[in-house]
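Heads up: the structure comes next, in structure tokens.
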Amino acid sequence: MDIELQTITTNGNNGAECFSYERETAANGDDGVACRLPNATERDGLLSEQTTGCNGETMPSGHAAELHGNLGNAYAPQENSSLCRIKKELNDFVFLKVRLWMVIIFIFLLIFAVIIISLFVCSAIHEDVDENFDRSLFTVPRYFNGSFELPNLTFTEELLTLSSNESQALTADLQQKMADLYTSSPALGRYFSKAEISAFRNGSVIADYQLTFLMPEEQQDQLRNFTLSREMVYNVFRQFLHDQEPDESGQMYIDPVSLNMFLTH
């Protein structure tokens with residue numbers, strides 16, 4: 001005959017229910033053997049078995065786990081498990097001593113390098129359509145005449161004769177200066193043909209000059225009104241004169257205020 005006794009007690013401190021069980025078993029007239037489980041105490045929940053997380057954290061189980069969950073889910077087992085799995089996968093060896101995270105970083109660096117190299121290659125092989133032109137088609141001339149003053153230069157009788165050594169040297173320097181000015185201009189460089197000094201006059205030293213530009217026949221109307229207009233050619237020359245340094249230019253310094261220019265046909 002089996003007799004099972006169940007005793008229910010209540011912990012007065014936290015209202016949790018604790019159970020104790022008592023069972024007596026008798027068979028064939030033998031003395032009953034009593035098996036009794038000790039009553040639960042309020043320390044049981046705190047002393048229950050604990051588990052350790054993937055990073056070495058101590059994680060409560062049993063009653064303590066329920067207590068932690070009720071206090072705001074301080075632990076998130078699923079999140080910790082996912083984080084552990086990701087860390088483990090990243091640290092897996094792909095081959096030899098190369099780990100997965102090394103391979104991922106290498107791939108990103110490789111993509112970045114390919115993008116940079118592509119940009120350099122594209123910029124190197126890019127052709128500006130405006131730079132492709134045939135100078136043999138530039139046959140229509142356009143002339144500009146004018147004068148300017150060289151205040152740092154003293155006039156001599158030899159400058160009146162263009163064949164004199166002093167006149168030829170000054171002529172070559174001034175022509176080269178104007179040629180460099182216009183050939184370096186992004187807007188006018190392709191159309192510039194030559195610059196000439198036609199005479200020197202007294203008054204400090206006044207130089208008369210002529211500029212020659214060549215245009216393609218099919219675009220000459222547009223060029224006359226905009227790119228090779230008197231205003232454009234004059235402003236490029238005047239801006240150059242304003243940028244020059246008097247001390248560095250020496251005797252080749254040209255007074256910007258003295259610049260004159262007019263269009264000839």
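By convention in this document, the chains of the structure tokens carry letters A, B, ... by their order, each chain's residues are numbered from 1, and ligands are numbered from 1 in the order they are shown.
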- Message: Env of Ser136 in chain A: 12 Å cut, atoms = only C-alpha atoms, seq-sep filter 2 positions within chain, self excluded. Answer as a list of chain:residue names.
- Response: A:Phe133, A:Asp134, A:Phe138, A:Thr139, A:Val140, A:Arg190, A:Tyr191, A:Leu214, A:Met215, A:Pro216, A:Glu217
For the contact check between range 129-229 of chain A and range 248-260 of chain A, emit one row per residue of range 129-229 of chain A within 10 Å, containing the shortest atom pair and the distance in Å rounded to one decimal, counting only C-alpha atoms, chain then rising number order, as a Markdown table.
```
| residue | atom | partner | partner_atom | distance |
| --- | --- | --- | --- | --- |
| A:Asn145 | CA | A:Asn260 | CA | 8.2 |
| A:Gly146 | CA | A:Asn260 | CA | 5.0 |
| A:Ser147 | CA | A:Asn260 | CA | 5.3 |
| A:Phe148 | CA | A:Leu259 | CA | 4.6 |
| A:Glu149 | CA | A:Ser258 | CA | 5.7 |
| A:Leu150 | CA | A:Ile254 | CA | 4.9 |
| A:Pro151 | CA | A:Asp255 | CA | 6.7 |
| A:Asn152 | CA | A:Gln251 | CA | 4.9 |
| A:Leu153 | CA | A:Gln251 | CA | 5.2 |
| A:Thr154 | CA | A:Gln251 | CA | 8.8 |
| A:Leu170 | CA | A:Met252 | CA | 8.5 |
| A:Asp173 | CA | A:Met252 | CA | 8.0 |
| A:Leu174 | CA | A:Met252 | CA | 7.5 |
| A:Lys177 | CA | A:Met252 | CA | 9.0 |
| A:Val205 | CA | A:Ile254 | CA | 9.9 |
| A:Ile206 | CA | A:Ser258 | CA | 9.0 |
| A:Ala207 | CA | A:Ile254 | CA | 9.8 |
| A:Asp208 | CA | A:Asn260 | CA | 9.4 |
| A:Tyr209 | CA | A:Asn260 | CA | 9.8 |
```
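Residue nearest Phe200 in chain A, chosen from A:Leu181, A:Ile117, A:Leu159, A:Val236 and counting only C-alpha atoms: A:Leu159.
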- Message: So that I can see what lies close to range 92-94 of chain A, please list as a ChimeraX atom specification the residues with an atom at most 9 Å from it, counting only C-alpha atoms and leaving out residues fewer than 6 positions away in the same chain.
- Response: /A:100-101,103
Could those residues be written to a file, using N, CA, C and O atoms, as a short mmCIF file (atom, residue, chain, number, x, y, z; two decimals), in the first residue's frame?
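Contents of selection06.cif, freshly written:
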```cif
data_model
loop_
_atom_site.label_atom_id
_atom_site.label_comp_id
_atom_site.auth_asym_id
_atom_site.auth_seq_id
_atom_site.Cartn_x
_atom_site.Cartn_y
_atom_site.Cartn_z
N LEU A 100 38.62 34.19 -41.42
CA LEU A 100 37.57 34.75 -42.26
C LEU A 100 37.56 36.27 -42.23
O LEU A 100 37.37 36.92 -43.25
N TRP A 101 37.77 36.87 -41.04
CA TRP A 101 37.73 38.33 -40.96
C TRP A 101 38.87 38.97 -41.74
O TRP A 101 38.73 40.06 -42.29
N VAL A 103 39.99 37.75 -44.60
CA VAL A 103 39.55 37.68 -45.99
C VAL A 103 38.57 38.80 -46.30
O VAL A 103 38.64 39.44 -47.35
#
```
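Put simply, CA of Ala199 in chain A is 28.2 Å away from CA of Ala187 in chain A.
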- Query: How far is it from CA of Asn132 in chain A to CA of Leu188 in chain A, in Å with one decimal?
  - Reply: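 Separation of CA of Asn132 in chain A and CA of Leu188 in chain A: 14.8 Å.
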